[in-house]
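Chemist: Please see the structure below; I have some questions.
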Amino acid sequence: VKTDVPSIQAFYVPKGNSYSVYFEFAESFVPMAGAVYAIHADLAVTGDRAGIAMSHVWSYEEHEEKTTDKAGMVFSKREYLPRVKTDFAFALEADLTANPPREIQIRWVRELCFELQRRGFNIGSVTYDGYQSTDSIQLLTQAGIESGRVSVDLKPDIYLNLRDLLNSGRSLIPFSELLKKEMEGLTRKPNGKIDHPPVGSKDVADAVAASVHGAILLGGQETGERAYYNGSEFTTGDAIMMPSAFQHLSLSDVMNHPDPFTDYSTFPMSIGEF
């Protein structure tokens, strides 16, 4: 599906010897009530990019399948199959020629997940391909978001599942030239592994396939209404005294401190044969 404005765009801003990523969100990109969102990040940071995608089940469709037994009797089997929408699929980019050199930071994905949650998206799971993701998995789990490792290379059925969805017209994926090129270049090796050409990549394609798989496992479906952030209830206890060195500071002093927090919302700025 081609869209005029991508759901999310990433902008890289140098901070010291590193970079921060600011995400700009399209106005039309809003959370839907009833939907449970699955995110997958393919953090193959030895290359020049890392893929990230988010998907959810938007509805189910009734499917009837007829089978014939050995006696020639015809039976009908009805089931409800998910229709899955990929909300975004893009690559985080490294640039070693920049000054300072820009390497992909694993925290960028984690920060995006928390920002999506803040905006009202019901993030049901966040998975990684396994590369150096332990810290992010722990932090996301502590925040109440189910997180873990999912290797597309070790589970080729994830791609077979995506192929079935595409062939039956039950998958909606935003168009990009990179994703199109990756999907069309996929091949199935004799050992069953889905791989890319020697000079190609499949970072974003892996992210899409795994996020679609995660969305189906999570279930849920859109109700047709927009969702809004619903933070957990909290209570307050006895007042805690600030250390004496900070007691002279007012709330205004804190809020006017350079970069007290990050608000991303206001930053100016065919599948292969297998």
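Please note that chains go A, B, ... in the order of the structure tokens, that every chain numbers its residues from 1, and that ligands are numbered from 1 in the order shown.
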If you run DSSP over the backbone, which residues in stretch 3-233 of chain A end up strand (DSSP E)? Put them as JSON, numbers by chain.
Modeler: {"A": [8, 9, 10, 11, 12, 13, 14, 15, 18, 19, 20, 21, 22, 23, 24, 25, 37, 38, 39, 40, 41, 42, 49, 50, 51, 52, 53, 54, 55, 56, 57, 58, 59, 60, 61, 62, 63, 64, 65, 66, 67, 68, 74, 75, 76, 77, 78, 79, 80, 81, 82, 83, 84, 85, 86, 87, 88, 89, 90, 91, 92, 93, 123, 124, 125, 126, 127, 128, 146, 147, 148, 149, 171, 172, 187, 188, 194, 195]}
Chemist: For C-alpha atoms, I'd like the residues from the last selection saved as a JSON list (two decimals), in the first residue's frame.
Modeler:
```
[["chain", "number", "residue", "atom", "x", "y", "z"],
["A", 8, "ILE", "CA", 6.92, 7.48, 11.25],
["A", 9, "GLN", "CA", 10.05, 9.26, 10.10],
["A", 10, "ALA", "CA", 13.36, 9.16, 11.96],
["A", 11, "PHE", "CA", 15.71, 12.15, 12.31],
["A", 12, "TYR", "CA", 19.22, 11.82, 13.71],
["A", 13, "VAL", "CA", 20.63, 14.55, 15.94],
["A", 14, "PRO", "CA", 24.23, 14.46, 17.21],
["A", 15, "LYS", "CA", 24.72, 14.74, 20.96],
["A", 18, "SER", "CA", 26.72, 9.90, 19.92],
["A", 19, "TYR", "CA", 23.29, 10.47, 18.36],
["A", 20, "SER", "CA", 19.69, 10.69, 19.46],
["A", 21, "VAL", "CA", 16.81, 9.80, 17.20],
["A", 22, "TYR", "CA", 13.70, 11.97, 17.06],
["A", 23, "PHE", "CA", 10.63, 10.35, 15.59],
["A", 24, "GLU", "CA", 8.06, 12.40, 13.69],
["A", 25, "PHE", "CA", 4.57, 10.89, 13.57],
["A", 37, "TYR", "CA", 0.37, -4.15, 18.63],
["A", 38, "ALA", "CA", 3.45, -6.32, 18.08],
["A", 39, "ILE", "CA", 6.86, -4.80, 17.36],
["A", 40, "HIS", "CA", 9.94, -6.59, 16.07],
["A", 41, "ALA", "CA", 13.43, -5.17, 15.58],
["A", 42, "ASP", "CA", 16.11, -6.82, 13.50],
["A", 49, "ARG", "CA", 20.83, -0.54, 8.87],
["A", 50, "ALA", "CA", 18.44, -2.21, 11.32],
["A", 51, "GLY", "CA", 14.83, -3.00, 10.48],
["A", 52, "ILE", "CA", 11.85, -2.29, 12.73],
["A", 53, "ALA", "CA", 8.16, -2.93, 12.13],
["A", 54, "MET", "CA", 4.87, -2.91, 14.04],
["A", 55, "SER", "CA", 1.74, -4.88, 13.14],
["A", 56, "HIS", "CA", -1.70, -5.66, 14.54],
["A", 57, "VAL", "CA", -4.79, -7.68, 13.69],
["A", 58, "TRP", "CA", -7.42, -5.27, 12.39],
["A", 59, "SER", "CA", -10.22, -7.82, 11.77],
["A", 60, "TYR", "CA", -11.07, -11.44, 11.08],
["A", 61, "GLU", "CA", -12.72, -12.92, 8.02],
["A", 62, "GLU", "CA", -14.76, -16.10, 7.81],
["A", 63, "HIS", "CA", -13.18, -18.82, 5.70],
["A", 64, "GLU", "CA", -14.83, -22.07, 4.62],
["A", 65, "GLU", "CA", -12.78, -25.05, 3.51],
["A", 66, "LYS", "CA", -14.26, -28.23, 2.04],
["A", 67, "THR", "CA", -12.56, -31.60, 2.55],
["A", 68, "THR", "CA", -13.40, -35.09, 1.37],
["A", 74, "VAL", "CA", -17.68, -33.88, 1.81],
["A", 75, "PHE", "CA", -17.20, -31.89, 4.98],
["A", 76, "SER", "CA", -17.12, -28.15, 5.44],
["A", 77, "LYS", "CA", -14.84, -26.52, 7.94],
["A", 78, "ARG", "CA", -15.35, -22.88, 8.89],
["A", 79, "GLU", "CA", -12.79, -20.76, 10.63],
["A", 80, "TYR", "CA", -12.06, -17.10, 11.22],
["A", 81, "LEU", "CA", -8.72, -16.00, 9.84],
["A", 82, "PRO", "CA", -6.91, -12.82, 10.90],
["A", 83, "ARG", "CA", -6.34, -9.85, 8.64],
["A", 84, "VAL", "CA", -3.12, -8.16, 9.68],
["A", 85, "LYS", "CA", -2.04, -4.56, 9.14],
["A", 86, "THR", "CA", 1.60, -3.53, 9.36],
["A", 87, "ASP", "CA", 1.52, -0.02, 10.79],
["A", 88, "PHE", "CA", 5.08, 0.88, 9.87],
["A", 89, "ALA", "CA", 8.22, -0.75, 8.53],
["A", 90, "PHE", "CA", 11.44, 1.18, 8.14],
["A", 91, "ALA", "CA", 15.17, 1.02, 8.72],
["A", 92, "LEU", "CA", 17.31, 2.82, 11.25],
["A", 93, "GLU", "CA", 20.45, 3.89, 9.43],
["A", 123, "ILE", "CA", 2.00, -2.57, 22.85],
["A", 124, "GLY", "CA", 1.50, -6.26, 23.50],
["A", 125, "SER", "CA", 4.98, -7.48, 22.66],
["A", 126, "VAL", "CA", 8.39, -6.28, 21.55],
["A", 127, "THR", "CA", 10.79, -8.86, 20.14],
["A", 128, "TYR", "CA", 14.37, -8.73, 18.93],
["A", 146, "GLU", "CA", 6.17, -8.53, 27.07],
["A", 147, "SER", "CA", 9.57, -8.79, 25.43],
["A", 148, "GLY", "CA", 11.89, -11.51, 24.21],
["A", 149, "ARG", "CA", 13.95, -12.90, 21.37],
["A", 171, "SER", "CA", -2.07, -8.56, 4.85],
["A", 172, "LEU", "CA", -1.75, -4.80, 4.50],
["A", 187, "THR", "CA", 14.95, -17.33, -1.42],
["A", 188, "ARG", "CA", 14.57, -20.61, 0.44],
["A", 194, "ILE", "CA", 14.84, -17.97, 4.20],
["A", 195, "ASP", "CA", 17.76, -15.83, 3.06]]
```
Chemist: Identify which of the residues A:Val152, A:Leu217, A:Leu43, A:Ile173 lies closest to A:Gln105, counting only C-alpha atoms when measuring atom-to-atom distances.
Modeler: A:Leu43
Chemist: What is the atom CA of A:Ala209 to atom CA of A:Asp48 distance in Å?
Modeler: 20.2 Å
Chemist: Residues of stretch 47-245 of chain A classed as alpha helix (DSSP H) by DSSP on the backbone are to be reported as a ChimeraX atom specification.
Modeler: /A:107-118,134-142,157-167,177-184,203-218
Chemist: Which one of A:Gly169, A:Gly72, A:Pro101, A:Gly34 sits closest to A:Asn17 if you count only C-alpha atoms?
Modeler: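 Distance minimum relative to A:Asn17 lands on A:Pro101.
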Chemist: May I ask which of the residues A:Arg226, A:Ala207, A:Ile106, A:Glu182 is the closest one to A:Ile158, counting only C-alpha atoms?
Modeler: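 Result for the nearest residue to A:Ile158: A:Ala207.
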